Amino acid sequence: MIRLMMESAITSCERLEALGLSEDDRAATGDVNGQTVSVFDVLTSAWTYPEALRYQIIHERHAAGVDQAYVPEAARVLVNVAQACAELIGTGKVAPADQQCRAMARWYGEHAIPLVEKAVQRKAECSSG
């Protein structure tokens, strides 16, 4: 579900950025089931929809008795990477911190996660043997 939602958001952001939207474009309108909706309305919904969904998920977790006592580390990774990526939106072909962004992306797959996997596996082997 996380991958589905993030891929959808990333694809949407790419398509929006490709349009090269300007302030004037916010007033453009379209029709949704006979109701006139502005680009600004859609863009506002695009960021408030997941915010509202977040609260629904929190409420449903609570109702199911699976509240989170703290924000898990993996969740913090996702949030902080998303925030860093958000800073790249609108930069066009300019790539701020390009090398550092690429290095971080490699770091997860080549260093951080393999180290954690090996450490946890080693711990499990020591505990069972």
# chains A, B, ... in the order shown; residues from 1 in each chain; ligands from 1
>>> select_by_dssp(residues="chain A", states="alpha helix (DSSP H)", output="MDAnalysis selection string")
chainID A and resid 2:19 39:63 73:88 98:107 113:128
>>> residues_around(residues="Phe40 of chain A", least_positions_apart="6", cutoff="10 Å", atoms="only C-alpha atoms", output="CSV table (one decimal) with N, CA and C atoms, in the first residue's frame")
chain,number,residue,atom,x,y,z
A,23,GLU,N,1.1,30.8,-11.7
A,23,GLU,CA,0.0,31.3,-10.9
A,23,GLU,C,-1.3,31.5,-11.7
A,24,ASP,N,-1.2,31.9,-12.9
A,24,ASP,CA,-2.3,32.1,-13.7
A,24,ASP,C,-3.1,30.8,-14.0
A,25,ASP,N,-2.4,29.7,-14.0
A,25,ASP,CA,-3.0,28.4,-14.3
A,25,ASP,C,-4.0,28.0,-13.2
A,26,ARG,N,-3.8,28.5,-12.0
A,26,ARG,CA,-4.6,28.1,-10.9
A,26,ARG,C,-6.1,28.4,-11.1
A,27,ALA,N,-6.4,29.4,-11.9
A,27,ALA,CA,-7.8,29.8,-12.2
A,27,ALA,C,-8.4,28.9,-13.3
A,28,ALA,N,-7.6,28.2,-14.0
A,28,ALA,CA,-8.2,27.3,-15.0
A,28,ALA,C,-9.2,26.3,-14.4
A,29,THR,N,-10.2,26.0,-15.1
A,29,THR,CA,-11.3,25.1,-14.6
A,29,THR,C,-11.6,23.9,-15.4
A,46,ALA,N,-5.1,17.8,-3.5
A,46,ALA,CA,-4.0,16.9,-3.7
A,46,ALA,C,-3.1,16.8,-2.4
>>> select_by_dssp(residues="chain A", states="strand (DSSP E or B)", output="PyMOL selection string")
chain A and resi 29-32+35-38
>>> write_last_selection(atoms="N, CA and C atoms", output="compact mmCIF listing (two decimals), in the first residue's frame")
# COMPACT_ATOMS: atom_id res chain seq x y z
N THR A 29 -10.24 25.98 -15.13
CA THR A 29 -11.28 25.13 -14.55
C THR A 29 -11.55 23.91 -15.41
N GLY A 30 -12.14 22.93 -14.76
CA GLY A 30 -12.59 21.72 -15.43
C GLY A 30 -13.92 21.32 -14.81
N ASP A 31 -14.52 20.31 -15.37
CA ASP A 31 -15.82 19.86 -14.90
C ASP A 31 -15.69 18.52 -14.20
N VAL A 32 -16.28 18.42 -13.01
CA VAL A 32 -16.32 17.16 -12.28
C VAL A 32 -17.78 16.90 -11.92
N GLN A 35 -19.90 19.94 -11.85
CA GLN A 35 -19.45 21.02 -10.97
C GLN A 35 -18.13 21.57 -11.51
N THR A 36 -18.04 22.90 -11.58
CA THR A 36 -16.81 23.54 -12.04
C THR A 36 -15.78 23.51 -10.91
N VAL A 37 -14.60 23.02 -11.24
CA VAL A 37 -13.53 22.89 -10.26
C VAL A 37 -12.28 23.54 -10.84
N SER A 38 -11.62 24.38 -10.04
CA SER A 38 -10.42 25.06 -10.52
C SER A 38 -9.19 24.19 -10.29
>>> atom_distance(atom1="atom CA of Leu16 of chain A", atom2="atom CA of Tyr49 of chain A")
16.5 Å
>>> closest_atom_pairs(of="segment 24-48 of chain A", to="segment 53-67 of chain A", cutoff="12 Å", atoms="only C-alpha atoms", output="CSV")
residue,atom,partner,partner_atom,distance
A:Ser45,CA,A:Leu53,CA,11.5
A:Ala46,CA,A:Leu53,CA,11.4
A:Trp47,CA,A:Leu53,CA,10.4
A:Thr48,CA,A:Leu53,CA,8.5
>>> residues_around(residues="segment 73-84 of chain A", least_positions_apart="3", cutoff="10 Å", atoms="only C-alpha atoms", output="PyMOL selection string")
chain A and resi 2+6+10+70+87-89+101+104-105
>>> atom_distance(atom1="atom CA of Lys93 of chain A", atom2="atom CA of Gly20 of chain A")
12.2 Å
